Structure formats: structure tokens, C-alpha cells
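**Student:** The file below is work-v4.txt, compact mmCIF, C-alpha atoms:
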```txt
# COMPACT_ATOMS: atom_id res chain seq x y z
CA MET J 1 26.72 22.03 -54.17
CA THR J 2 23.30 23.27 -55.35
CA ALA J 3 23.10 25.56 -52.32
CA HIS J 4 26.59 26.88 -53.07
CA LEU J 5 25.64 27.62 -56.69
CA ASP J 6 22.32 29.17 -55.65
CA TYR J 7 24.11 31.42 -53.19
CA VAL J 8 26.61 32.69 -55.76
CA LEU J 9 23.74 33.24 -58.22
CA HIS J 10 21.80 35.10 -55.52
CA LEU J 11 24.73 37.50 -55.04
CA ALA J 12 25.25 37.81 -58.80
CA ASP J 13 21.56 38.41 -59.57
CA ASN J 14 21.40 41.09 -56.86
CA ALA J 15 24.31 42.93 -58.44
CA LEU J 16 23.09 42.57 -62.02
CA VAL J 17 19.46 43.55 -61.40
CA LEU J 18 20.36 46.64 -59.36
CA GLY J 19 23.08 47.50 -61.88
CA GLN J 20 20.52 47.31 -64.69
CA ARG J 21 17.97 49.39 -62.74
CA ASN J 22 20.48 52.11 -61.84
CA ALA J 23 21.74 52.20 -65.44
CA GLU J 24 18.27 53.40 -66.50
CA TRP J 25 19.47 56.80 -65.31
CA CYS J 26 22.28 56.84 -67.85
CA GLY J 27 21.66 59.94 -69.96
CA HIS J 28 18.67 60.90 -67.78
CA GLY J 29 20.29 61.80 -64.45
CA PRO J 30 18.86 64.73 -62.49
CA ILE J 31 22.21 66.54 -62.84
CA LEU J 32 25.31 65.70 -64.88
CA GLU J 33 27.43 64.62 -61.89
CA GLU J 34 24.74 62.23 -60.70
CA ASP J 35 24.22 60.84 -64.19
CA ILE J 36 27.94 59.97 -64.18
CA ALA J 37 27.90 58.71 -60.60
CA MET J 38 24.98 56.35 -61.21
CA ALA J 39 26.58 55.02 -64.40
CA ASN J 40 29.80 54.37 -62.49
CA ILE J 41 27.95 52.60 -59.69
CA SER J 42 26.19 50.44 -62.29
CA LEU J 43 29.52 49.65 -63.87
CA ASP J 44 30.83 48.40 -60.52
CA LEU J 45 27.70 46.32 -59.93
CA VAL J 46 27.72 44.77 -63.40
CA GLY J 47 31.45 44.10 -62.96
CA GLN J 48 30.78 42.31 -59.68
CA ALA J 49 27.96 40.38 -61.34
CA ARG J 50 30.33 39.26 -64.11
CA LEU J 51 32.92 37.95 -61.64
CA LEU J 52 30.18 36.13 -59.72
CA TYR J 53 28.56 34.65 -62.86
CA GLN J 54 31.97 33.48 -64.11
CA HIS J 55 32.45 31.77 -60.76
CA ALA J 56 28.93 30.28 -60.87
CA ALA J 57 29.59 29.03 -64.41
CA THR J 58 32.73 27.23 -63.18
CA LEU J 59 30.81 25.71 -60.27
CA LYS J 60 28.02 24.58 -62.59
CA GLY J 61 30.21 23.31 -65.43
CA ASP J 62 28.40 21.76 -68.45
CA GLY J 63 29.30 24.63 -70.77
CA THR J 64 27.51 27.32 -68.79
CA THR J 65 28.94 30.81 -69.30
CA GLU J 66 28.49 34.19 -67.64
CA ASP J 67 26.38 35.21 -70.63
CA SER J 68 24.09 32.19 -70.51
CA LEU J 69 23.46 32.88 -66.82
CA ALA J 70 22.74 36.57 -67.32
CA TYR J 71 20.84 36.47 -70.60
CA PHE J 72 19.24 33.07 -70.94
CA ARG J 73 17.63 32.51 -67.56
CA ASP J 74 14.05 33.61 -66.87
CA VAL J 75 12.20 35.19 -63.97
CA PRO J 76 11.72 31.92 -62.02
CA ASP J 77 15.50 31.33 -62.17
CA PHE J 78 16.58 34.67 -60.73
CA ARG J 79 17.33 34.86 -57.00
CA ASN J 80 17.72 38.60 -56.40
CA TYR J 81 15.94 40.43 -53.59
CA THR J 82 12.59 41.84 -54.73
CA LEU J 83 13.70 45.29 -53.49
CA LEU J 84 16.26 45.51 -56.29
CA GLU J 85 13.90 44.88 -59.21
CA LEU J 86 11.36 47.58 -58.33
CA PRO J 87 11.12 50.54 -60.71
CA HIS J 88 12.33 53.98 -59.62
CA HIS J 89 8.89 55.12 -58.52
CA ALA J 90 6.15 54.35 -56.02
CA ALA J 91 4.13 51.13 -56.09
CA LEU J 92 2.35 50.83 -59.44
CA VAL J 93 1.49 47.89 -61.67
CA GLY J 94 4.30 46.49 -63.79
CA TYR J 95 3.31 48.06 -67.11
CA ALA J 96 2.64 51.54 -65.66
CA VAL J 97 4.90 54.34 -66.77
CA ASP J 98 5.77 57.10 -64.35
CA ASN J 99 8.56 59.59 -63.92
CA ARG J 100 11.61 58.12 -62.26
CA ASP J 101 12.02 59.41 -58.74
CA TYR J 102 15.64 59.87 -57.70
CA ALA J 103 14.66 59.60 -54.02
CA VAL J 104 13.62 55.97 -54.63
CA THR J 105 16.96 55.31 -56.32
CA ILE J 106 18.97 56.83 -53.47
CA VAL J 107 17.00 55.18 -50.66
CA ARG J 108 17.25 51.75 -52.32
CA ASN J 109 20.99 52.13 -52.91
CA PHE J 110 21.42 53.23 -49.30
CA LEU J 111 19.50 50.26 -47.83
CA TYR J 112 21.24 47.73 -50.08
CA SER J 113 24.78 49.20 -49.95
CA THR J 114 24.62 49.21 -46.16
CA LEU J 115 23.80 45.51 -46.21
CA MET J 116 26.49 44.63 -48.73
CA ALA J 117 29.21 46.65 -46.97
CA LEU J 118 28.65 44.31 -44.02
CA VAL J 119 28.15 41.12 -46.04
CA TRP J 120 31.20 41.56 -48.32
CA GLU J 121 33.31 42.32 -45.24
CA LYS J 122 32.40 38.92 -43.78
CA LEU J 123 32.64 37.06 -47.08
CA GLN J 124 36.33 37.95 -47.27
CA THR J 125 36.92 34.96 -45.00
CA SER J 126 34.64 32.57 -46.91
CA GLN J 127 35.84 28.98 -47.30
CA ASP J 128 35.23 29.51 -51.01
CA GLU J 129 38.50 31.27 -51.80
CA HIS J 130 37.33 32.63 -55.13
CA LEU J 131 34.23 34.14 -53.52
CA ALA J 132 36.46 35.63 -50.80
CA ALA J 133 38.60 37.28 -53.50
CA ILE J 134 35.51 38.76 -55.19
CA ALA J 135 34.30 39.98 -51.78
CA ALA J 136 37.58 41.81 -51.09
CA LYS J 137 37.20 43.75 -54.35
CA SER J 138 33.49 44.38 -54.02
CA LEU J 139 33.90 45.69 -50.48
CA LYS J 140 36.14 48.51 -51.69
CA GLU J 141 33.52 49.45 -54.26
CA VAL J 142 30.41 49.18 -52.10
CA ARG J 143 31.95 51.49 -49.50
CA TYR J 144 31.97 54.23 -52.15
CA HIS J 145 28.38 53.38 -53.10
CA LEU J 146 27.34 53.64 -49.47
CA ARG J 147 29.14 56.92 -49.02
CA HIS J 148 27.42 58.28 -52.13
CA SER J 149 23.91 57.15 -51.20
CA HIS J 150 24.25 58.25 -47.57
CA ASP J 151 25.40 61.65 -48.71
CA TRP J 152 22.44 62.08 -51.02
CA LEU J 153 20.00 60.67 -48.46
CA VAL J 154 21.02 63.55 -46.20
CA ARG J 155 20.94 66.16 -48.97
CA LEU J 156 17.46 65.11 -50.08
CA GLY J 157 16.02 64.35 -46.63
CA ASP J 158 17.41 67.51 -45.06
CA GLY J 159 16.79 69.54 -48.22
CA THR J 160 13.66 71.29 -49.37
CA GLU J 161 10.11 70.51 -48.28
CA VAL J 162 9.52 68.68 -51.56
CA SER J 163 12.74 66.64 -51.47
CA HIS J 164 12.10 65.74 -47.82
CA ALA J 165 8.56 64.57 -48.58
CA LYS J 166 9.70 62.51 -51.58
CA THR J 167 12.53 60.87 -49.64
CA GLN J 168 10.24 60.02 -46.74
CA ALA J 169 7.72 58.52 -49.18
CA ALA J 170 10.51 56.47 -50.81
CA LEU J 171 11.66 55.22 -47.42
CA ASN J 172 8.11 54.29 -46.40
CA HIS J 173 7.67 52.46 -49.70
CA LEU J 174 10.95 50.52 -49.69
CA MET J 175 11.64 49.74 -46.04
CA PRO J 176 9.16 46.81 -45.79
CA TYR J 177 11.07 45.06 -48.60
CA THR J 178 14.18 44.88 -46.40
CA GLN J 179 12.47 42.18 -44.32
CA GLU J 180 13.54 39.80 -47.06
CA PHE J 181 17.19 40.35 -46.06
CA TRP J 182 16.53 38.54 -42.77
CA SER J 183 14.08 35.82 -43.80
CA ALA J 184 15.46 32.31 -43.71
CA SER J 185 16.19 30.27 -46.81
CA ASP J 186 17.55 26.75 -47.23
CA PHE J 187 20.40 27.68 -49.53
CA GLU J 188 21.64 30.40 -47.18
CA SER J 189 21.47 28.06 -44.17
CA HIS J 190 23.48 25.45 -46.07
CA VAL J 191 26.25 27.81 -47.20
CA THR J 192 26.43 29.39 -43.75
CA SER J 193 27.01 26.05 -42.03
CA ALA J 194 29.60 25.17 -44.70
CA GLY J 195 31.49 28.40 -43.95
CA ILE J 196 30.93 29.60 -47.52
CA GLY J 197 28.22 32.20 -46.95
CA VAL J 198 27.17 34.74 -44.36
CA ASP J 199 24.16 34.43 -42.10
CA THR J 200 22.59 37.86 -42.62
CA ALA J 201 21.14 37.65 -39.10
CA THR J 202 24.66 38.25 -37.78
CA VAL J 203 24.88 41.66 -39.48
CA ARG J 204 21.32 42.77 -38.78
CA ASP J 205 22.14 44.87 -35.70
CA ASP J 206 24.96 46.68 -37.46
CA TRP J 207 22.74 47.27 -40.48
CA GLN J 208 19.97 48.67 -38.29
CA THR J 209 22.38 51.03 -36.52
CA LEU J 210 23.84 52.34 -39.79
CA VAL J 211 20.38 52.77 -41.33
CA ASN J 212 19.02 54.48 -38.20
CA ASN J 213 21.97 56.88 -38.22
CA GLY J 214 21.36 57.68 -41.88
CA ILE J 215 17.65 58.27 -41.28
CA ALA J 216 18.43 60.54 -38.33
CA ASP J 217 21.11 62.47 -40.27
CA ALA J 218 18.59 63.00 -43.04
CA THR J 219 15.95 64.27 -40.57
CA LEU J 220 13.56 61.54 -41.72
CA GLN J 221 11.07 59.52 -39.68
CA GLN J 222 11.65 55.84 -39.03
CA PRO J 223 9.16 54.03 -41.28
CA SER J 224 7.27 50.86 -40.50
CA THR J 225 8.83 47.61 -41.67
CA GLU J 226 5.57 45.71 -41.33
CA GLY J 227 3.97 44.02 -44.27
CA PHE J 228 4.33 41.17 -46.72
CA VAL J 229 7.76 39.53 -46.66
CA HIS J 230 8.94 39.38 -50.25
CA THR J 231 10.40 36.27 -51.81
CA GLY J 232 12.71 37.24 -54.66
CA LYS J 233 15.61 35.18 -53.35
CA HIS J 234 13.28 32.15 -53.45
CA SER J 235 12.72 32.97 -57.15
CA LEU J 236 9.17 34.24 -56.56
CA HIS J 237 9.25 37.78 -57.91
CA SER J 238 7.14 40.88 -58.34
CA GLU J 239 5.70 41.61 -61.78
CA HIS J 240 8.51 44.12 -62.40
CA LEU J 241 11.40 41.71 -62.95
CA GLY J 242 10.00 40.35 -66.22
CA PHE J 243 9.94 43.82 -67.78
CA LEU J 244 13.49 44.48 -66.62
CA LEU J 245 14.79 41.18 -68.00
CA ALA J 246 12.93 41.64 -71.29
CA GLU J 247 14.78 44.88 -71.89
CA MET J 248 18.14 43.58 -70.69
CA GLN J 249 18.05 40.22 -72.48
CA SER J 250 16.38 41.11 -75.77
CA LEU J 251 19.60 41.83 -77.67
CA ALA J 252 21.37 38.65 -76.62
CA ARG J 253 18.25 36.60 -77.40
CA ALA J 254 17.83 38.22 -80.82
CA HIS J 255 21.39 37.12 -81.64
CA PRO J 256 21.85 33.96 -79.57
CA GLN J 257 25.10 32.98 -81.29
CA GLY J 258 26.56 36.46 -81.01
CA VAL J 259 29.93 36.92 -79.37
CA TRP J 260 31.67 40.11 -78.33
CA MET Y 1 77.21 18.01 -72.93
CA ASN Y 2 76.79 17.34 -69.23
CA THR Y 3 73.48 18.02 -67.52
CA PHE Y 4 74.89 20.83 -65.37
CA ALA Y 5 75.96 22.84 -68.42
CA ALA Y 6 72.66 22.16 -70.17
CA SER Y 7 70.61 23.41 -67.24
CA ALA Y 8 72.87 26.43 -66.78
CA SER Y 9 72.49 27.52 -70.39
CA ASP Y 10 68.79 26.73 -70.17
CA ALA Y 11 68.50 28.97 -67.12
CA SER Y 12 70.33 31.83 -68.79
CA ALA Y 13 68.14 31.46 -71.89
CA ARG Y 14 65.09 31.63 -69.68
CA ALA Y 15 66.40 34.68 -67.87
CA ALA Y 16 67.09 36.39 -71.19
CA LEU Y 17 63.58 35.58 -72.41
CA LEU Y 18 62.05 36.90 -69.19
CA ALA Y 19 64.06 40.11 -69.55
CA ARG Y 20 62.83 40.51 -73.13
CA ILE Y 21 59.23 39.97 -72.08
CA TRP Y 22 59.44 42.44 -69.19
CA ALA Y 23 61.09 45.01 -71.44
CA ALA Y 24 58.28 44.65 -73.98
CA LEU Y 25 55.51 44.69 -71.37
CA ASP Y 26 57.04 47.72 -69.71
CA THR Y 27 56.11 49.78 -72.76
CA LEU Y 28 52.39 49.10 -72.26
CA SER Y 29 50.44 51.94 -70.77
CA ASP Y 30 47.07 52.17 -69.07
CA PRO Y 31 44.45 52.70 -71.84
CA GLU Y 32 42.60 55.30 -69.73
CA ILE Y 33 45.68 57.06 -68.34
CA PRO Y 34 48.33 56.80 -71.06
CA VAL Y 35 51.07 58.47 -69.01
CA VAL Y 36 51.48 55.52 -66.63
CA THR Y 37 52.49 51.97 -67.49
CA LEU Y 38 50.61 48.85 -66.45
CA ARG Y 39 53.55 47.86 -64.28
CA GLU Y 40 53.64 51.21 -62.48
CA MET Y 41 49.90 50.94 -61.86
CA GLY Y 42 50.38 47.56 -60.20
CA ILE Y 43 48.12 45.88 -62.78
CA LEU Y 44 50.93 43.81 -64.29
CA ARG Y 45 51.89 41.52 -61.42
CA ASP Y 46 54.21 38.80 -62.64
CA VAL Y 47 55.62 36.72 -65.47
CA VAL Y 48 56.07 33.11 -64.35
CA TRP Y 49 56.62 29.64 -65.70
CA GLN Y 50 53.75 27.47 -64.63
CA ASN Y 51 53.89 23.76 -63.81
CA ASP Y 52 52.95 22.74 -67.34
CA GLY Y 53 55.96 24.66 -68.70
CA VAL Y 54 53.87 27.46 -70.20
CA LEU Y 55 54.65 31.07 -69.39
CA ALA Y 56 51.92 33.09 -67.72
CA VAL Y 57 51.60 36.84 -67.51
CA VAL Y 58 49.64 37.63 -64.37
CA ILE Y 59 47.42 40.72 -64.35
CA THR Y 60 45.13 41.98 -61.60
CA PRO Y 61 41.88 43.78 -62.40
CA THR Y 62 41.35 47.20 -60.86
CA TYR Y 63 37.65 48.03 -60.43
CA SER Y 64 35.35 45.02 -61.05
CA GLY Y 65 33.64 46.79 -63.92
CA CYS Y 66 36.61 48.63 -65.36
CA PRO Y 67 36.11 48.56 -69.16
CA ALA Y 68 39.87 49.04 -69.67
CA MET Y 69 40.61 45.50 -68.44
CA GLY Y 70 39.60 43.91 -71.74
CA GLN Y 71 41.82 46.33 -73.62
CA ILE Y 72 44.72 45.67 -71.22
CA GLU Y 73 44.42 41.91 -71.72
CA ASP Y 74 44.36 42.39 -75.51
CA ASP Y 75 47.42 44.68 -75.36
CA VAL Y 76 49.38 42.10 -73.35
CA ARG Y 77 48.41 39.31 -75.79
CA THR Y 78 49.37 41.38 -78.82
CA THR Y 79 52.74 42.23 -77.28
CA LEU Y 80 53.45 38.58 -76.50
CA ALA Y 81 52.43 37.56 -80.02
CA THR Y 82 54.78 40.18 -81.51
CA LEU Y 83 57.62 38.70 -79.46
CA GLY Y 84 56.64 35.26 -80.72
CA VAL Y 85 56.24 34.05 -77.16
CA ASN Y 86 53.71 31.39 -76.31
CA ALA Y 87 52.22 32.59 -73.04
CA ARG Y 88 48.85 32.80 -71.42
CA VAL Y 89 47.38 35.84 -69.72
CA GLN Y 90 46.11 35.00 -66.29
CA THR Y 91 43.77 37.22 -64.30
CA GLN Y 92 44.34 36.97 -60.58
CA LEU Y 93 41.84 38.47 -58.13
CA ALA Y 94 43.59 37.88 -54.80
CA PRO Y 95 45.15 39.78 -53.23
CA ALA Y 96 42.82 42.49 -54.50
CA TRP Y 97 44.44 45.33 -56.43
CA THR Y 98 44.95 48.44 -54.35
CA THR Y 99 46.07 51.95 -55.24
CA ASP Y 100 48.79 51.44 -52.60
CA TRP Y 101 50.61 49.36 -55.24
CA MET Y 102 51.10 52.37 -57.48
CA SER Y 103 54.76 53.23 -57.68
CA PRO Y 104 56.04 56.67 -56.59
CA THR Y 105 56.92 57.31 -60.24
CA ALA Y 106 53.32 56.62 -61.23
CA ARG Y 107 52.08 59.06 -58.59
CA ASP Y 108 54.38 61.79 -59.90
CA LYS Y 109 53.30 61.12 -63.47
CA LEU Y 110 49.62 61.27 -62.50
CA ARG Y 111 50.14 64.60 -60.79
CA ALA Y 112 52.00 65.99 -63.80
CA TYR Y 113 49.11 64.77 -65.99
CA GLY Y 114 46.61 66.72 -63.86
CA ILE Y 115 45.24 63.83 -61.77
CA ALA Y 116 45.71 64.03 -58.00
CA PRO Y 117 47.25 60.69 -56.92
CA PRO Y 118 45.41 58.57 -54.33
CA ALA Y 119 45.98 58.85 -50.59
CA ARG Y 120 47.26 55.68 -48.89
CA CYS Y 121 44.64 53.12 -47.87
CA GLY Y 122 47.14 51.47 -45.56
CA ALA Y 123 45.69 49.66 -42.58
CA ASN Y 124 42.30 51.28 -43.11
CA SER Y 125 41.26 48.90 -45.85
CA ASN Y 126 40.75 45.91 -43.59
CA THR Y 127 39.36 47.27 -40.36
CA ASP Y 128 36.07 46.32 -38.80
CA ALA Y 129 33.18 46.93 -41.20
CA ALA Y 130 30.79 48.81 -38.98
CA SER Y 131 33.29 51.34 -37.68
CA THR Y 132 34.85 51.94 -41.09
CA VAL Y 133 31.49 52.35 -42.73
CA VAL Y 134 30.23 54.72 -40.07
CA GLN Y 135 33.35 56.78 -40.38
CA PHE Y 136 33.14 56.66 -44.14
CA ALA Y 137 29.54 57.72 -44.34
CA SER Y 138 29.28 60.02 -41.38
CA ARG Y 139 28.18 63.52 -42.03
CA ALA Y 140 30.65 64.89 -39.52
CA ASN Y 141 33.53 63.10 -41.22
CA LYS Y 142 36.01 65.59 -42.59
CA PRO Y 143 36.65 64.95 -46.24
CA GLU Y 144 40.25 64.03 -47.02
CA VAL Y 145 42.58 66.84 -48.03
CA VAL Y 146 43.50 66.46 -51.69
CA PRO Y 147 46.20 68.85 -52.90
CA CYS Y 148 45.53 70.43 -56.29
CA PRO Y 149 47.76 68.82 -58.98
CA HIS Y 150 47.97 72.14 -60.81
CA CYS Y 151 48.95 74.66 -58.12
CA GLY Y 152 49.54 72.49 -55.05
CA SER Y 153 46.95 74.31 -52.94
CA HIS Y 154 45.23 72.33 -50.17
CA ASP Y 155 42.13 74.50 -50.50
CA THR Y 156 40.15 72.07 -52.66
CA THR Y 157 36.61 70.74 -52.57
CA GLU Y 158 34.90 67.61 -53.84
CA THR Y 159 32.40 68.25 -56.63
CA SER Y 160 31.32 64.62 -56.99
CA HIS Y 161 32.35 61.23 -55.57
CA PHE Y 162 32.37 59.85 -59.09
CA GLY Y 163 34.24 61.41 -61.97
CA SER Y 164 35.12 60.60 -65.55
CA THR Y 165 35.86 56.95 -64.67
CA ALA Y 166 34.89 54.69 -61.76
CA CYS Y 167 38.32 55.11 -60.18
CA LYS Y 168 38.22 58.90 -59.98
CA ALA Y 169 36.36 61.60 -58.08
CA LEU Y 170 35.79 65.10 -59.39
CA TYR Y 171 37.42 67.94 -57.43
CA LYS Y 172 37.79 71.67 -57.77
CA CYS Y 173 40.65 73.85 -56.56
CA LEU Y 174 39.43 76.94 -54.71
CA SER Y 175 42.79 78.69 -55.18
CA CYS Y 176 43.39 78.39 -58.92
CA MET Y 177 39.72 77.50 -59.62
CA GLU Y 178 40.71 74.62 -61.91
CA PRO Y 179 38.68 71.41 -61.82
CA PHE Y 180 40.69 68.19 -61.53
CA ASP Y 181 40.32 64.43 -61.17
CA TYR Y 182 41.28 62.67 -57.95
CA PHE Y 183 42.31 59.01 -58.19
CA LYS Y 184 40.34 57.52 -55.28
CA PRO Y 185 42.10 55.27 -52.76
CA TYR Y 186 40.96 51.70 -53.49
```
Please rewrite the model in this file as C-alpha cells.
**Tutor:**
Amino acid sequence: MTAHLDYVLHLADNALVLGQRNAEWCGHGPILEEDIAMANISLDLVGQARLLYQHAATLKGDGTTEDSLAYFRDVPDFRNYTLLELPHHAALVGYAVDNRDYAVTIVRNFLYSTLMALVWEKLQTSQDEHLAAIAAKSLKEVRYHLRHSHDWLVRLGDGTEVSHAKTQAALNHLMPYTQEFWSASDFESHVTSAGIGVDTATVRDDWQTLVNNGIADATLQQPSTEGFVHTGKHSLHSEHLGFLLAEMQSLARAHPQGVW
Amino acid sequence: MNTFAASASDASARAALLARIWAALDTLSDPEIPVVTLREMGILRDVVWQNDGVLAVVITPTYSGCPAMGQIEDDVRTTLATLGVNARVQTQLAPAWTTDWMSPTARDKLRAYGIAPPARCGANSNTDAASTVVQFASRANKPEVVPCPHCGSHDTTETSHFGSTACKALYKCLSCMEPFDYFKPY
């Protein structure tokens, strides 16, 4: 039961944290169409997070709500991949301020959407019927996200000298974080054997093929995946998540009895 | 009164109530696209008596994050309250809403409103992930032909995958040069 709840929270936290990150572009997009696109993608992700948190709240019981899960948990409770909490720029300390780099945004969305297109597909046959229903909806949405990010990966990678260099740098920066997708965890092993979750190892080859094709289409070089294996899904995060949560949760925490 | 007569009149009363509810709900339109009704959109799925004897109006969400869903639920509740009917609004996720459920009337109304109606998803929506995704994201993939809702020309081009709402893409007609929204197949 704990593994089941942790798994649903892992999926929900992934969607919420990336949705929050992408929403930082709202009103600041590089061009109007992309400002709108990124806001729409965030809307889908936050919508998926809501459905998943509502489901988690039902599994947990004891008066838990989607809002208490999103707004009143702290960094050590979140189970999202570390990749998704990173700011939209190269590796810097958590409190550093730098210009957002759209190449980082696009590369991250590409790497993650590719994974989720494959995972949601499989989750449609989960033994958890409610999760299967959420997966069927999310799959339709993530296919559009993947199409969008793949398209822009190619435009930026096969664009100007500057856009190519920035996209390659973003890929080199983010690719090592994808190792976390494949690292083993107890809660994922449990839900996989119960037929509730997906063993990501079973989609790794397809993911690699899709990512390789994208990299080739974008005339980019395959980066190294070597390096530290991150541990966000084990609730051990980078210093960036706290800043993200502080911004996202401050309103709800300032008005803890507020309803809307 | 014998039981047969009682149940028969009961059944006809129920049928009359159902007809009244459907008639009232049929007037509700999509908050984002006021020319089509919730029923034509396939959002309003059913009105049923549940095991506990309470009526339930079943609605299906479109996009997970669609902000119109809250408004739609409120509209349904208000309508039921006006009728004086005690019913609950039930959100049902499965089977997932698809644009294939839009009625032909809804498609015509969308086109007349200036929104190109969605192509059919059909069998494509459930095929093998890898092949669908590759096809979807491939650079060589020909974009779908979307006829312009204004002049009917097939010479159109996609400006952006995402338009004024999550469910629409932004297109431009190269014949009449008008921009238009395309309701994406979902």
C-alpha cells in the first residue's frame, strides 16, 4: 500500500514540479506562440498532477486532499526526478539568478516527454483502474508535448551557430540526470510486481531509440550519460527544489484555511 | 392500487423527469466555445439513477488541466438546482474523452464559428507507443491537412502546436490569409 501511494505521488510530483518550472515562462516566453505553448503544456501537467493527487488522497485517506499533498509537503516528501526541478539554466548554486535558457527547457521536456509517452502507454493496463484511466488521458496530452519539444529540438539544434551551441550545452548538462529514470527503487519494484506500475527498464530501449533519433535530427552530438546518479525519486533532492516549492506553496501556506 | 400500476406510473414519472433534465442540460454550452453544447461535445455522458436511488449526471473531463471543467460542473449543478432536482454530478475518467465523440452537428457549428473541427483519431489512438510516437514526432512526417474554416482551402499551415486553449492549435490559411484555430484530435 505504501509503495502504491509512493508511486502515485512520484508520478504526481513529476507532473507538478515540471508544470511549475515550465510555467515560469508564462509572460516571459521567447516568442508569443511559445509563451502560449509552454503555458498550455504546464496546464496539462498541473491537470495530470491534480488527478494523481486526488487519487493519492483517496488511497491515503485520513482527510488528505490534493491541496494538502501539493502545498503542505516539504522537500523530503517529494518524489519527483531531480531532472525536473532544475532551473532553466546551466548548473549553478540554488540561489543564483541567471537568464532562463529556452534550450534547457526544450531539452528537458524532450527527454521527459519521451519517457512519459512510453510509460503512460503501458500504465493504461495497470491493475489500478483509476491510474489506468489517468494514463489514457495523459498519454494523449504527452504525445503533443513530445511533438512540440522534438520539433523545437530540431529547430534549435539545426538552427544558428548560437542556438546549436546552446542546445548541445543543454543536452550535455541534462543527459546525465536521465540515469535516474533507470535506477532501481523499492517502491517501483513493488508496484511493478503487483501489476500497478511500469518497470522503466522495459521502455529503456524504446526511449533510447527515440532520443537518439531526436538528437540525430537536430544535428547534435550524443552526450555522455556518465556521472552521479541523482536521487529525487528517493526524496533526496538538489538544492533547487526548495526554492521552487517556496514560491509555489507560499500563498497556500499564508492562508492555510483558504478554499477556492 | 396494485403494484403493477404503481410501478408503471413510477416508471413514466421517472421517464418524464429524465426528459426534463435532458432538455434543461441540452441548453448548456461549452464555456470556451459557446456555439456548441456540452452534449454535442461529448462532455455530458449520461443521466442515471444510481443504486442508492440518487440521480447522477455523468460528465467526462476533456484535457486534464482544462479550466472550463470547473465552470461546466457549476453550470450543471445550477441547472439541476433550478429544476429542483436532487442529483449529484459525477466525473468519470474512463473511457477517456476523445474528439471522436463530437457530433457531426458540433463539427459543423465549430466550422461556422471559425474553428476547424478535429480530424478523426480512430484506431490511431491506441496503437503501439514507439511507432506512434516516432510517426508523431518525425521530421519527415507530413503535417495533417486542415481545411480552412473560412474559405475551405486545403492550402493551410500550422503556426503553432498550441493555440488560445490547450485543445487548439494555431493555423493560417495561405489562400485567404486568415489565421484560424484548429481543434486538435484528442
**Student:** Write out as a PyMOL selection string each polymer residue whose atoms come within 12 Å of Y:Tyr186, counting all atoms listed in the file; drop sequence neighbours fewer than 6 positions from it.
**Tutor:** (chain J and resi 136-144) or (chain Y and resi 61-64+96-102+117-122+124-126+166-169)
**Student:** Using all atoms listed in the file, what does the table of chain J residues within 6 Å of chain Y look like, with each row giving the shortest atom pair and its distance in Å to one decimal, sorted by chain and ascending number, as JSON lines?
**Tutor:**
```
{"residue": "J:Ala37", "atom": "CA", "partner": "Y:Phe162", "partner_atom": "CA", "distance": 4.9}
{"residue": "J:Asn40", "atom": "CA", "partner": "Y:Ala166", "partner_atom": "CA", "distance": 5.2}
{"residue": "J:Leu43", "atom": "CA", "partner": "Y:Gly65", "partner_atom": "CA", "distance": 5.0}
{"residue": "J:Asp44", "atom": "CA", "partner": "Y:Gly65", "partner_atom": "CA", "distance": 4.7}
{"residue": "J:Gly47", "atom": "CA", "partner": "Y:Gly65", "partner_atom": "CA", "distance": 3.6}
{"residue": "J:Gln48", "atom": "CA", "partner": "Y:Ser64", "partner_atom": "CA", "distance": 5.5}
{"residue": "J:Leu118", "atom": "CA", "partner": "Y:Ala129", "partner_atom": "CA", "distance": 5.9}
{"residue": "J:Ala133", "atom": "CA", "partner": "Y:Ala94", "partner_atom": "CA", "distance": 5.2}
{"residue": "J:Lys137", "atom": "CA", "partner": "Y:Ala96", "partner_atom": "CA", "distance": 5.8}
{"residue": "J:Arg147", "atom": "CA", "partner": "Y:Ala137", "partner_atom": "CA", "distance": 4.8}
```
**Student:** Go through J:Gly94, J:Pro87, J:Pro176, J:Gly159 one by one, measure the shortest atom-to-atom distance of each to J:Leu111 using all atoms listed in the file, and give the residue with the smallest value.
**Tutor:**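 Of all the options, J:Pro176 lies closest to J:Leu111.
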**Student:** With all atoms listed in the file as the basis for distance, which of Y:Gly152, Y:Gly70, Y:Gly53, Y:Gly42 is at the shortest distance from Y:Phe180?
**Tutor:**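 Residue with the minimum atom-to-atom distance to Y:Phe180: Y:Gly152.
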**Student:** Of the candidates J:Val259, J:Val46, J:Asp101, J:Asp217, which shows the shortest atom-to-atom distance to J:Val162, using only C-alpha atoms?
**Tutor:**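 Counting only C-alpha atoms, the residue closest to J:Val162 is J:Asp101.
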**Student:** In Å, how far is it from atom CA of Y:Pro31 to atom CA of Y:Pro104?
**Tutor:** 19.6 Å
**Student:** What is the atom CA of J:Val191-atom CA of J:Ser68 distance in Å, reported with one decimal?
**Tutor:** 23.8 Å
**Student:** Which is closest to J:Phe110 among J:Leu9, J:Leu210, J:Leu241, J:Ala252, if we use all atoms listed in the file?
**Tutor:** J:Leu210
**Student:** Can you work out the spacing between atom CA of J:His89 and atom CA of J:Ala70 in Å, to one decimal?
**Tutor:**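 Computed distance, atom CA of J:His89 to atom CA of J:Ala70, equals 24.8 Å.
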**Student:** Which is closer to J:Arg79 than all the others in J:His255, J:Lys60, J:His230, J:His28, using all atoms listed in the file?
**Tutor:** J:His230
**Student:** Which is closest to J:Ala201 among J:Ile134, J:Gln179, J:Thr82, J:Gly258, if we use all atoms listed in the file?
**Tutor:** J:Gln179
